[in-house]
>>> print(open('entry-v5.txt').read())   # compact mmCIF, C-alpha atoms
# COMPACT_ATOMS: atom_id res chain seq x y z
CA MET A 1 0.00 0.00 0.00
CA GLN A 2 2.79 2.33 1.00
CA ILE A 3 4.53 1.58 -2.29
CA ASN A 4 1.43 2.40 -4.31
CA LYS A 5 1.03 5.71 -2.55
CA ASN A 6 4.59 6.67 -3.42
CA ILE A 7 4.12 5.75 -7.03
CA VAL A 8 0.98 7.88 -7.21
CA LYS A 9 2.86 10.81 -5.69
CA THR A 10 5.85 10.48 -7.96
CA LEU A 11 3.61 10.15 -10.99
CA LEU A 12 1.10 12.78 -10.03
CA PHE A 13 3.42 15.75 -9.61
CA PRO A 14 5.34 15.40 -12.87
CA ALA A 15 2.06 14.65 -14.63
CA MET A 16 0.52 17.86 -13.31
CA PHE A 17 3.59 19.77 -14.38
CA TYR A 18 3.31 18.24 -17.82
CA ILE A 19 -0.37 19.20 -18.14
CA LEU A 20 0.48 22.72 -17.03
CA LEU A 21 3.08 22.98 -19.79
CA MET A 22 0.63 21.79 -22.41
CA VAL A 23 -1.84 24.45 -21.35
CA ALA A 24 0.81 27.15 -21.18
CA HIS A 25 2.21 26.53 -24.67
CA PRO A 26 0.25 29.19 -26.52
CA VAL A 27 1.42 31.72 -23.95
CA LEU A 28 5.03 30.58 -24.00
CA ALA A 29 5.25 30.42 -27.77
CA ASP A 30 5.82 33.51 -29.88
CA GLY A 31 2.51 35.24 -30.60
CA ASP A 32 3.13 34.85 -34.34
CA SER A 33 2.72 31.11 -34.15
CA GLU A 34 -1.01 31.61 -33.75
CA LYS A 35 -1.23 33.58 -36.97
CA LYS A 36 -2.05 32.26 -40.41
CA THR A 37 0.31 33.01 -43.25
CA ILE A 38 -1.29 34.78 -46.20
CA GLY A 39 0.38 35.48 -49.55
CA GLU A 40 0.80 38.58 -51.72
CA THR A 41 -2.69 37.88 -53.10
CA ALA A 42 -5.58 35.81 -51.72
CA GLN A 43 -9.10 34.74 -52.67
CA ILE A 44 -11.25 36.53 -50.14
CA ALA A 45 -15.02 36.26 -49.84
CA VAL A 46 -17.04 39.29 -48.84
CA GLU A 47 -20.05 37.97 -47.00
CA GLN A 48 -22.39 40.94 -47.51
CA ALA A 49 -21.71 40.93 -51.27
CA ASN A 50 -21.79 37.13 -51.55
CA LEU A 51 -18.79 37.52 -53.87
CA SER A 52 -15.20 36.34 -53.87
CA TYR A 53 -12.34 38.62 -54.87
CA LEU A 54 -8.72 38.01 -55.75
CA ALA A 55 -7.37 40.54 -53.29
CA ARG A 56 -4.01 42.27 -53.08
CA ILE A 57 -2.51 41.96 -49.59
CA ASP A 58 -0.94 45.34 -48.91
CA THR A 59 0.93 46.01 -45.66
CA GLY A 60 1.57 49.52 -47.01
CA ALA A 61 -2.14 50.36 -46.73
CA ARG A 62 -3.66 51.13 -43.34
CA VAL A 63 -7.27 50.49 -44.28
CA THR A 64 -8.88 47.84 -46.49
CA SER A 65 -10.58 49.16 -49.61
CA ILE A 66 -13.24 47.73 -51.93
CA HIS A 67 -14.43 48.67 -55.39
CA ALA A 68 -17.74 50.55 -55.03
CA LEU A 69 -19.85 52.34 -57.62
CA GLU A 70 -23.21 54.13 -57.65
CA LEU A 71 -23.16 55.00 -53.97
CA GLN A 72 -26.52 56.03 -52.60
CA VAL A 73 -27.05 57.19 -49.06
CA LYS A 74 -30.53 56.99 -47.57
CA ASN A 75 -31.68 60.46 -46.45
CA SER A 76 -28.32 61.85 -47.54
CA SER A 77 -27.07 65.22 -46.29
CA ASP A 78 -24.72 67.49 -48.24
CA GLU A 79 -22.20 67.26 -45.44
CA LYS A 80 -20.63 63.80 -45.70
CA LYS A 81 -19.87 63.58 -41.97
CA GLU A 82 -23.59 63.85 -41.21
CA ASN A 83 -24.18 60.60 -43.08
CA ILE A 84 -22.44 58.52 -40.43
CA GLY A 85 -24.91 55.97 -39.10
CA LYS A 86 -27.02 56.06 -42.27
CA GLN A 87 -27.43 53.23 -44.77
CA VAL A 88 -25.40 53.30 -47.98
CA THR A 89 -26.19 51.15 -51.00
CA PHE A 90 -23.46 50.56 -53.55
CA THR A 91 -22.62 48.30 -56.46
CA THR A 92 -19.46 46.26 -56.17
CA GLU A 93 -17.72 44.13 -58.78
CA ASN A 94 -14.92 41.58 -58.58
CA GLU A 95 -12.15 40.96 -61.15
CA LYS A 96 -14.44 38.52 -63.01
CA HIS A 97 -16.96 41.35 -63.50
CA GLU A 98 -19.49 39.69 -61.22
CA ARG A 99 -21.61 42.42 -59.66
CA THR A 100 -23.88 42.76 -56.65
CA LYS A 101 -25.56 45.48 -54.67
CA VAL A 102 -24.67 45.83 -51.03
CA THR A 103 -26.34 47.86 -48.30
CA ALA A 104 -24.34 48.67 -45.18
CA THR A 105 -24.18 51.22 -42.40
CA ILE A 106 -21.69 54.07 -42.73
CA VAL A 107 -19.45 53.86 -39.67
CA LYS A 108 -16.96 56.56 -40.59
CA VAL A 109 -15.96 59.10 -43.20
CA SER A 110 -12.24 59.03 -43.81
CA LYS A 111 -10.16 61.77 -45.31
CA VAL A 112 -7.68 60.48 -47.87
CA ARG A 113 -4.88 62.57 -49.29
CA ASN A 114 -3.49 61.51 -52.63
CA ALA A 115 -1.91 62.97 -55.76
CA GLN A 116 -5.31 64.30 -56.87
CA GLY A 117 -5.95 66.19 -53.63
CA VAL A 118 -8.21 65.47 -50.68
CA GLU A 119 -10.95 62.88 -50.99
CA TYR A 120 -13.57 61.71 -48.53
CA ARG A 121 -14.55 58.07 -48.45
CA TYR A 122 -17.34 56.27 -46.67
CA VAL A 123 -16.27 53.44 -44.42
CA VAL A 124 -18.48 50.42 -43.71
CA ASP A 125 -18.04 47.19 -41.73
CA LEU A 126 -17.74 44.10 -43.91
CA LYS A 127 -17.12 40.46 -43.08
CA LEU A 128 -14.15 39.10 -45.04
CA LYS A 129 -13.47 35.38 -45.11
CA TRP A 130 -10.25 33.59 -46.05
CA GLN A 131 -9.58 29.90 -45.53
CA GLY A 132 -12.10 29.49 -42.79
CA VAL A 133 -11.16 32.66 -40.95
CA ASN A 134 -14.09 35.05 -40.81
CA LYS A 135 -13.17 38.54 -39.78
CA ASP A 136 -14.98 41.86 -39.62
CA ALA A 137 -13.09 44.95 -40.68
CA GLN A 138 -13.71 48.54 -41.61
CA VAL A 139 -13.51 48.87 -45.38
CA ASN A 140 -13.49 52.09 -47.36
CA LEU A 141 -15.59 52.42 -50.48
CA ARG A 142 -13.97 53.77 -53.61
CA ASP A 143 -14.05 53.49 -57.35
CA ARG A 144 -11.29 50.99 -58.13
CA SER A 145 -12.25 50.59 -61.83
CA ALA A 146 -8.76 51.61 -62.93
CA MET A 147 -7.09 49.17 -60.55
CA ASN A 148 -6.29 45.52 -61.12
CA TYR A 149 -7.40 44.40 -57.68
CA LYS A 150 -10.96 45.29 -56.68
CA LEU A 151 -10.28 44.44 -53.04
CA LEU A 152 -7.18 45.72 -51.27
CA ILE A 153 -6.45 44.23 -47.88
CA GLY A 154 -4.83 46.71 -45.52
CA ARG A 155 -3.25 46.38 -42.09
CA ASN A 156 -6.56 46.74 -40.26
CA TRP A 157 -7.73 43.33 -41.49
CA LEU A 158 -4.33 41.61 -41.15
CA SER A 159 -3.68 42.85 -37.63
CA ASN A 160 -3.52 40.17 -34.90
CA ASP A 161 -4.51 37.28 -37.17
CA PHE A 162 -2.21 37.13 -40.21
CA VAL A 163 1.40 37.45 -41.28
CA VAL A 164 2.30 38.07 -44.94
CA ASP A 165 4.67 35.91 -46.96
CA VAL A 166 4.97 37.30 -50.50
CA ASP A 167 6.35 33.97 -51.76
CA LYS A 168 2.79 32.73 -51.60
CA SER A 169 0.13 33.82 -54.08
CA GLU A 170 -3.36 32.77 -55.13
CA GLY A 171 -3.17 34.40 -58.55
CA ILE A 172 -1.82 37.50 -60.27
CA ILE A 173 -3.81 40.00 -62.30
CA LYS A 174 -1.82 41.68 -65.04
CA MET B 1 11.88 1.05 -5.25
CA ILE B 2 13.84 4.28 -5.18
CA ASP B 3 15.33 3.29 -8.50
CA PHE B 4 11.91 2.88 -10.02
CA LYS B 5 10.74 6.23 -8.67
CA LYS B 6 13.76 7.97 -10.06
CA ARG B 7 13.31 6.39 -13.44
CA VAL B 8 9.66 7.41 -13.69
CA LEU B 9 10.44 10.92 -12.51
CA SER B 10 13.28 11.53 -14.89
CA GLY B 11 11.31 10.00 -17.74
CA LEU B 12 8.40 12.36 -17.20
CA TRP B 13 10.70 15.35 -16.84
CA LEU B 14 12.36 14.45 -20.10
CA ILE B 15 9.00 14.26 -21.89
CA SER B 16 7.94 17.60 -20.40
CA MET B 17 11.14 19.39 -21.30
CA THR B 18 11.41 18.06 -24.85
CA SER B 19 7.81 18.97 -25.54
CA LEU B 20 8.50 22.48 -24.26
CA LEU B 21 11.54 22.82 -26.49
CA GLN B 22 9.80 21.50 -29.56
CA ALA B 23 6.57 23.38 -29.33
CA ALA B 24 7.75 26.97 -29.13
CA PRO B 25 9.36 27.65 -32.54
CA ALA B 26 8.14 26.98 -36.07
CA ARG B 27 4.45 26.46 -35.65
CA LEU B 28 3.54 28.96 -38.34
CA ASP B 29 1.20 26.91 -40.53
CA CYS B 30 3.66 24.03 -40.25
CA GLU B 31 5.63 25.33 -43.23
CA ASP B 32 9.36 25.43 -43.41
CA ILE B 33 10.00 29.09 -42.94
CA SER B 34 13.03 28.70 -40.71
CA HIS B 35 15.18 30.70 -43.14
CA MET B 36 12.71 33.61 -43.10
CA LYS B 37 12.92 36.54 -40.72
CA ILE B 38 9.80 38.14 -39.30
CA ILE B 39 9.75 41.91 -39.63
CA GLY B 40 7.21 44.57 -38.76
CA GLU B 41 5.12 47.08 -40.71
CA SER B 42 8.00 49.56 -40.45
CA GLU B 43 11.69 48.95 -39.88
CA TYR B 44 15.07 50.67 -40.04
CA VAL B 45 17.09 49.88 -43.15
CA SER B 46 20.77 50.71 -43.64
CA PHE B 47 22.23 51.47 -47.06
CA LEU B 48 25.77 50.21 -47.59
CA PRO B 49 28.59 51.12 -47.79
CA GLU B 50 27.42 54.70 -47.13
CA ASN B 51 25.90 53.31 -43.95
CA THR B 52 22.96 55.67 -43.66
CA ARG B 53 20.01 54.39 -41.63
CA GLN B 54 16.52 55.13 -42.93
CA LYS B 55 12.97 54.54 -41.76
CA ALA B 56 11.19 52.14 -44.07
CA ARG B 57 7.59 51.14 -44.62
CA ILE B 58 7.34 47.43 -45.35
CA ASP B 59 4.93 47.36 -48.27
CA THR B 60 3.75 44.02 -49.71
CA GLY B 61 1.64 46.06 -52.15
CA ALA B 62 4.74 47.41 -53.92
CA GLU B 63 6.60 45.28 -56.43
CA THR B 64 9.86 47.22 -56.42
CA SER B 65 11.38 48.97 -53.43
CA SER B 66 11.96 52.69 -53.56
CA LEU B 67 14.16 55.28 -51.94
CA GLY B 68 13.24 58.93 -51.44
CA ILE B 69 16.01 61.22 -52.61
CA MET B 70 16.63 64.98 -52.61
CA ASP B 71 17.92 65.39 -56.17
CA HIS B 72 19.72 63.42 -58.81
CA ASN B 73 21.61 63.76 -62.07
CA THR B 74 22.89 61.22 -64.53
CA PHE B 75 26.43 61.24 -65.85
CA GLU B 76 28.72 59.02 -67.88
CA ARG B 77 31.58 56.97 -66.50
CA ASP B 78 33.62 54.58 -68.68
CA GLY B 79 30.94 54.78 -71.34
CA LYS B 80 28.17 53.81 -68.93
CA LYS B 81 25.34 55.82 -67.44
CA TRP B 82 25.55 56.50 -63.71
CA VAL B 83 23.29 58.32 -61.27
CA HIS B 84 24.42 60.73 -58.60
CA PHE B 85 21.86 61.36 -55.85
CA ASN B 86 21.54 62.71 -52.31
CA VAL B 87 19.76 61.05 -49.42
CA VAL B 88 18.77 62.81 -46.19
CA ASP B 89 20.00 61.08 -43.06
CA GLU B 90 17.46 62.33 -40.54
CA MET B 91 19.21 60.82 -37.55
CA LYS B 92 22.55 62.42 -38.33
CA ASN B 93 20.85 65.45 -39.89
CA GLU B 94 23.05 65.41 -42.98
CA LEU B 95 23.01 64.76 -46.71
CA VAL B 96 24.60 61.53 -47.88
CA GLU B 97 25.93 61.36 -51.45
CA PHE B 98 25.45 58.22 -53.55
CA GLU B 99 26.79 57.20 -56.96
CA ARG B 100 25.55 54.05 -58.68
CA PRO B 101 25.33 52.71 -62.24
CA LEU B 102 21.88 53.33 -63.77
CA LYS B 103 20.14 49.97 -64.18
CA ARG B 104 17.06 51.15 -66.05
CA ILE B 105 14.36 53.78 -66.16
CA ALA B 106 11.04 52.80 -64.59
CA LYS B 107 7.81 54.19 -65.93
CA ILE B 108 5.38 54.69 -63.08
CA LYS B 109 1.75 54.55 -64.14
CA ARG B 110 -0.52 56.78 -62.14
CA HIS B 111 -4.27 56.92 -62.01
CA GLU B 112 -5.71 60.05 -63.62
CA ALA B 113 -2.21 61.45 -64.04
CA GLU B 114 0.67 61.27 -66.49
CA ALA B 115 3.21 58.48 -66.16
CA ILE B 116 6.49 59.53 -64.58
CA GLU B 117 9.95 58.19 -65.23
CA ARG B 118 12.27 57.30 -62.41
CA PRO B 119 15.84 56.01 -62.36
CA VAL B 120 16.42 52.54 -60.95
CA VAL B 121 19.69 51.56 -59.28
CA GLU B 122 20.92 48.53 -57.38
CA LEU B 123 21.54 49.16 -53.69
CA LYS B 124 23.00 47.03 -50.95
CA ILE B 125 20.91 47.13 -47.80
CA LYS B 126 20.97 45.70 -44.33
CA LEU B 127 17.62 44.82 -42.77
CA GLY B 128 17.93 43.17 -39.39
CA ASN B 129 21.04 41.08 -39.84
CA VAL B 130 20.28 40.27 -43.47
CA GLU B 131 22.37 41.95 -46.16
CA LEU B 132 21.16 41.92 -49.74
CA LYS B 133 21.45 43.80 -53.02
CA ARG B 134 18.22 44.76 -54.76
CA GLU B 135 16.81 47.26 -57.26
CA PHE B 136 15.43 50.51 -55.89
CA THR B 137 13.42 53.12 -57.75
CA LEU B 138 14.61 56.63 -56.89
CA ALA B 139 11.77 59.04 -56.15
CA ASP B 140 11.36 62.56 -54.83
CA ARG B 141 11.30 62.07 -51.07
CA SER B 142 8.51 64.62 -50.59
CA GLU B 143 6.11 62.08 -52.09
CA PHE B 144 6.39 59.64 -49.21
CA LYS B 145 5.63 59.60 -45.53
CA PHE B 146 8.54 57.17 -45.15
CA PRO B 147 11.83 57.77 -46.99
CA VAL B 148 12.03 54.09 -47.96
CA LEU B 149 9.44 51.63 -49.20
CA ILE B 150 10.50 48.00 -48.98
CA GLY B 151 8.60 46.10 -51.67
CA ARG B 152 8.29 42.49 -52.69
CA ASN B 153 11.65 42.39 -54.50
CA VAL B 154 13.34 42.59 -51.08
CA LEU B 155 10.79 40.54 -49.13
CA LYS B 156 10.66 37.51 -51.45
CA ASN B 157 12.14 34.41 -49.87
CA LYS B 158 13.69 36.48 -47.04
CA PHE B 159 11.07 38.11 -44.84
CA ILE B 160 7.59 37.55 -43.46
CA VAL B 161 5.63 40.65 -42.46
CA ASN B 162 3.79 40.91 -39.17
CA VAL B 163 1.90 44.22 -39.04
CA ASN B 164 1.60 43.94 -35.27
CA GLN B 165 5.22 44.89 -34.79
CA LYS B 166 7.35 47.95 -35.59
CA PHE B 167 11.09 48.58 -35.66
CA SER B 168 11.64 45.11 -34.30
CA THR B 169 15.04 44.51 -35.90
CA SER B 170 16.88 47.26 -34.04
CA LYS B 171 16.85 47.96 -30.33
CA ILE B 172 17.70 51.64 -30.77
CA GLY B 173 14.57 52.33 -32.74
CA GLU B 174 12.25 50.20 -30.66
CA GLN B 175 8.94 51.76 -29.82
>>> encode(input="entry-v5.txt", output="structure tokens")
Amino acid sequence: MQINKNIVKTLLFPAMFYILLMVAHPVLADGDSEKKTIGETAQIAVEQANLSYLARIDTGARVTSIHALELQVKNSSDEKKENIGKQVTFTTENEKHERTKVTATIVKVSKVRNAQGVEYRYVVDLKLKWQGVNKDAQVNLRDRSAMNYKLLIGRNWLSNDFVVDVDKSEGIIK
Amino acid sequence: MIDFKKRVLSGLWLISMTSLLQAAPARLDCEDISHMKIIGESEYVSFLPENTRQKARIDTGAETSSLGIMDHNTFERDGKKWVHFNVVDEMKNELVEFERPLKRIAKIKRHEAEAIERPVVELKIKLGNVELKREFTLADRSEFKFPVLIGRNVLKNKFIVNVNQKFSTSKIGEQ
């Protein structure tokens, strides 16, 4: 009996330590190990549009941007800032020229400075899905007709969940 | 009996320790990326041999890297075209002169604007502890928020970008 007790003791403590280690692994490991690796481009589905886009993954862009045309704000005011909280309906199109209409709530109006001057863009929340990861992000609406990629993934969607390896790609638009 | 106890104990410790050692590194999607360095959304980059340190935006959206310069002129040396250009070293508060053979002229397409031509030269850089020679487009530095854009021609097969970190390769610039 005494022998059995000792065996239990000697087994129990290391076993508990072992279990503790197993549990602690995610904490001990580098935070990056929990992140998925995405390539320079990726097929990303936009839930609200029920469309998939070949997206450019751009760590140089702060905010994600989607191709949007024919924007219509319900009860629109002349002052863009006053439209925050209102519904905007827009047409979006992927690189295969598949189109849909999307209605979303304006959560922000962002000021964008570029070569052509100052531009204001509506920002909406969209759910973007890649390889089983579903993630909401603020996305700005702009006319990307002249651009190869109709969806540009910025740092706000990548943050906390993805790292970028440009050796990987899910297609290139030329 | 003591022998048995010891054996069980040491066995379990061994299992625990090896599992700890194995689990920490290289769990990124189970791919072999051991030769790749993880860098942040912005990093310090040194240009060699001039050894000027510049702030760089790590930009997977850009194909070719670019360097913001003050001014440049092309000249001939041994029958070949060269570029002379100046780079501002913000940390030392001085102008650094560069001379490199002209590799090519890049035509930059712009939306709703005329295409612009920019000289392209090969530059040796140090990013973290990795040294490599790559093409850089020379652009007017006033056009960028960061004097350097590190594009895919530098990142390919060398670096993985984690936008949750900044200036991670140098302790001096850590934020």
>>> residues_around(input="entry-v5.txt", residues="Ile173 (chain A)", least_positions_apart="2", cutoff="9 Å", atoms="all atoms listed in the file", output="list in words")
Leu54, Glu95, Asn148, Tyr149 and Gly171 of chain A
>>> closest_residue(input="entry-v5.txt", among="A:Ile172, A:Val46, A:Val109, A:Val166", to="chain B", atoms="all atoms listed in the file")
A:Val166
>>> residues_near_point(input="entry-v5.txt", point="(8.0, 38.4, -42.8)", cutoff="6 Å", atoms="only C-alpha atoms", output="JSON, numbers by chain")
{"A": [165], "B": [37, 38, 39, 159, 160, 161]}
>>> atom_distance(input="entry-v5.txt", atom1="CA of Thr59 (chain A)", atom2="CA of Asp167 (chain A)")
14.5 Å
>>> closest_residue(input="entry-v5.txt", among="B:Ser168, B:Thr52, B:Ser10, B:Asn73", to="chain A", atoms="all atoms listed in the file")
B:Ser10
>>> residues_around(input="entry-v5.txt", residues="Phe162 (chain A)", least_positions_apart="4", cutoff="7 Å", atoms="all atoms listed in the file", output="list in words")
Lys35, Lys36, Thr37, Ile38 and Leu158 of chain A
>>> atom_distance(input="entry-v5.txt", atom1="CA of Leu51 (chain A)", atom2="CA of Lys129 (chain A)")
10.5 Å
>>> atom_distance(input="entry-v5.txt", atom1="CA of Gly61 (chain B)", atom2="CA of Asp58 (chain A)")
4.2 Å
>>> residues_around(input="entry-v5.txt", residues="Leu71 (chain A)", least_positions_apart="6", cutoff="8 Å", atoms="all atoms listed in the file", output="count of residues only")
4
>>> closest_residue(input="entry-v5.txt", among="B:Ala62, B:Met36, B:Leu48, B:Ile69", to="Leu132 (chain B)", atoms="only C-alpha atoms")
B:Leu48
>>> closest_residue(input="entry-v5.txt", among="A:Ser169, A:Asn160, A:Gln72, A:Gln87", to="Glu40 (chain A)", atoms="all atoms listed in the file")
A:Ser169
>>> closest_residue(input="entry-v5.txt", among="B:Leu138, B:Ala56, B:Val45, B:Val96", to="chain A", atoms="only C-alpha atoms")
B:Ala56
>>> closest_residue(input="entry-v5.txt", among="B:Arg100, B:Arg110, B:Lys166, B:Arg134", to="Glu50 (chain B)", atoms="all atoms listed in the file")
B:Arg100
>>> residues_around(input="entry-v5.txt", residues="Ile57 (chain A)", least_positions_apart="4", cutoff="7 Å", atoms="only C-alpha atoms", output="PDB file with C-alpha atoms, keeping the file's coordinate frame")
ATOM      1  CA  GLU A  40       0.800  38.580 -51.720  1.00  0.00           C
ATOM      2  CA  THR A  41      -2.690  37.880 -53.100  1.00  0.00           C
ATOM      3  CA  LEU A 152      -7.180  45.720 -51.270  1.00  0.00           C
ATOM      4  CA  ILE A 153      -6.450  44.230 -47.880  1.00  0.00           C
ATOM      5  CA  GLY A 154      -4.830  46.710 -45.520  1.00  0.00           C
TER       6      GLY A 154
ATOM      7  CA  THR B  60       3.750  44.020 -49.710  1.00  0.00           C
ATOM      8  CA  GLY B  61       1.640  46.060 -52.150  1.00  0.00           C
TER       9      GLY B  61
END
>>> residues_around(input="entry-v5.txt", residues="region 80-83 of chain A", least_positions_apart="6", cutoff="8 Å", atoms="only C-alpha atoms", output="list in words")
Val73, Ile106, Lys108, Val109 and Tyr120 of chain A
>>> build_atoms(input="entry-v5.txt", residues="region 85-109 of chain A", atoms="N, CA and C atoms", output="PDB file, in the frame of the given file")
ATOM      1  N   GLY A  85     -23.777  56.625 -39.740  1.00  0.00           N
ATOM      2  CA  GLY A  85     -24.910  55.970 -39.100  1.00  0.00           C
ATOM      3  C   GLY A  85     -26.033  55.669 -40.072  1.00  0.00           C
ATOM      4  N   LYS A  86     -25.984  56.299 -41.258  1.00  0.00           N
ATOM      5  CA  LYS A  86     -27.020  56.060 -42.270  1.00  0.00           C
ATOM      6  C   LYS A  86     -26.655  54.863 -43.142  1.00  0.00           C
ATOM      7  N   GLN A  87     -27.634  54.371 -43.887  1.00  0.00           N
ATOM      8  CA  GLN A  87     -27.430  53.230 -44.770  1.00  0.00           C
ATOM      9  C   GLN A  87     -26.906  53.683 -46.125  1.00  0.00           C
ATOM     10  N   VAL A  88     -25.890  53.012 -46.631  1.00  0.00           N
ATOM     11  CA  VAL A  88     -25.400  53.300 -47.980  1.00  0.00           C
ATOM     12  C   VAL A  88     -25.567  52.042 -48.832  1.00  0.00           C
ATOM     13  N   THR A  89     -26.071  52.258 -50.047  1.00  0.00           N
ATOM     14  CA  THR A  89     -26.190  51.150 -51.000  1.00  0.00           C
ATOM     15  C   THR A  89     -25.210  51.408 -52.126  1.00  0.00           C
ATOM     16  N   PHE A  90     -24.440  50.396 -52.467  1.00  0.00           N
ATOM     17  CA  PHE A  90     -23.460  50.560 -53.550  1.00  0.00           C
ATOM     18  C   PHE A  90     -23.370  49.283 -54.386  1.00  0.00           C
ATOM     19  N   THR A  91     -22.850  49.449 -55.589  1.00  0.00           N
ATOM     20  CA  THR A  91     -22.620  48.300 -56.460  1.00  0.00           C
ATOM     21  C   THR A  91     -21.149  47.955 -56.371  1.00  0.00           C
ATOM     22  N   THR A  92     -20.860  46.666 -56.201  1.00  0.00           N
ATOM     23  CA  THR A  92     -19.460  46.260 -56.170  1.00  0.00           C
ATOM     24  C   THR A  92     -19.258  45.172 -57.222  1.00  0.00           C
ATOM     25  N   GLU A  93     -18.021  45.053 -57.690  1.00  0.00           N
ATOM     26  CA  GLU A  93     -17.720  44.130 -58.780  1.00  0.00           C
ATOM     27  C   GLU A  93     -16.350  43.507 -58.518  1.00  0.00           C
ATOM     28  N   ASN A  94     -16.235  42.209 -58.750  1.00  0.00           N
ATOM     29  CA  ASN A  94     -14.920  41.580 -58.580  1.00  0.00           C
ATOM     30  C   ASN A  94     -14.157  41.573 -59.913  1.00  0.00           C
ATOM     31  N   GLU A  95     -12.986  40.951 -59.933  1.00  0.00           N
ATOM     32  CA  GLU A  95     -12.150  40.960 -61.150  1.00  0.00           C
ATOM     33  C   GLU A  95     -12.754  40.151 -62.285  1.00  0.00           C
ATOM     34  N   LYS A  96     -13.763  39.299 -61.964  1.00  0.00           N
ATOM     35  CA  LYS A  96     -14.440  38.520 -63.010  1.00  0.00           C
ATOM     36  C   LYS A  96     -15.673  39.255 -63.517  1.00  0.00           C
ATOM     37  N   HIS A  97     -15.824  40.501 -63.127  1.00  0.00           N
ATOM     38  CA  HIS A  97     -16.960  41.350 -63.500  1.00  0.00           C
ATOM     39  C   HIS A  97     -18.290  40.832 -62.971  1.00  0.00           C
ATOM     40  N   GLU A  98     -18.251  40.094 -61.886  1.00  0.00           N
ATOM     41  CA  GLU A  98     -19.490  39.690 -61.220  1.00  0.00           C
ATOM     42  C   GLU A  98     -19.888  40.834 -60.295  1.00  0.00           C
ATOM     43  N   ARG A  99     -21.150  41.247 -60.402  1.00  0.00           N
ATOM     44  CA  ARG A  99     -21.610  42.420 -59.660  1.00  0.00           C
ATOM     45  C   ARG A  99     -22.701  42.085 -58.653  1.00  0.00           C
ATOM     46  N   THR A 100     -22.730  42.832 -57.553  1.00  0.00           N
ATOM     47  CA  THR A 100     -23.880  42.760 -56.650  1.00  0.00           C
ATOM     48  C   THR A 100     -24.089  44.117 -55.998  1.00  0.00           C
ATOM     49  N   LYS A 101     -25.264  44.264 -55.427  1.00  0.00           N
ATOM     50  CA  LYS A 101     -25.560  45.480 -54.670  1.00  0.00           C
ATOM     51  C   LYS A 101     -25.457  45.150 -53.193  1.00  0.00           C
ATOM     52  N   VAL A 102     -24.843  46.039 -52.467  1.00  0.00           N
ATOM     53  CA  VAL A 102     -24.670  45.830 -51.030  1.00  0.00           C
ATOM     54  C   VAL A 102     -25.227  47.038 -50.287  1.00  0.00           C
ATOM     55  N   THR A 103     -25.908  46.770 -49.174  1.00  0.00           N
ATOM     56  CA  THR A 103     -26.340  47.860 -48.300  1.00  0.00           C
ATOM     57  C   THR A 103     -25.662  47.673 -46.948  1.00  0.00           C
ATOM     58  N   ALA A 104     -25.050  48.744 -46.465  1.00  0.00           N
ATOM     59  CA  ALA A 104     -24.340  48.670 -45.180  1.00  0.00           C
ATOM     60  C   ALA A 104     -24.453  50.009 -44.471  1.00  0.00           C
ATOM     61  N   THR A 105     -24.124  50.001 -43.189  1.00  0.00           N
ATOM     62  CA  THR A 105     -24.180  51.220 -42.400  1.00  0.00           C
ATOM     63  C   THR A 105     -22.850  51.962 -42.478  1.00  0.00           C
ATOM     64  N   ILE A 106     -22.911  53.267 -42.700  1.00  0.00           N
ATOM     65  CA  ILE A 106     -21.690  54.070 -42.730  1.00  0.00           C
ATOM     66  C   ILE A 106     -21.196  54.228 -41.290  1.00  0.00           C
ATOM     67  N   VAL A 107     -19.969  53.777 -41.040  1.00  0.00           N
ATOM     68  CA  VAL A 107     -19.450  53.860 -39.670  1.00  0.00           C
ATOM     69  C   VAL A 107     -18.457  55.016 -39.511  1.00  0.00           C
ATOM     70  N   LYS A 108     -17.994  55.535 -40.642  1.00  0.00           N
ATOM     71  CA  LYS A 108     -16.960  56.560 -40.590  1.00  0.00           C
ATOM     72  C   LYS A 108     -16.851  57.245 -41.945  1.00  0.00           C
ATOM     73  N   VAL A 109     -16.325  58.459 -41.937  1.00  0.00           N
ATOM     74  CA  VAL A 109     -15.960  59.100 -43.200  1.00  0.00           C
ATOM     75  C   VAL A 109     -14.466  59.386 -43.079  1.00  0.00           C
TER      76      VAL A 109
END
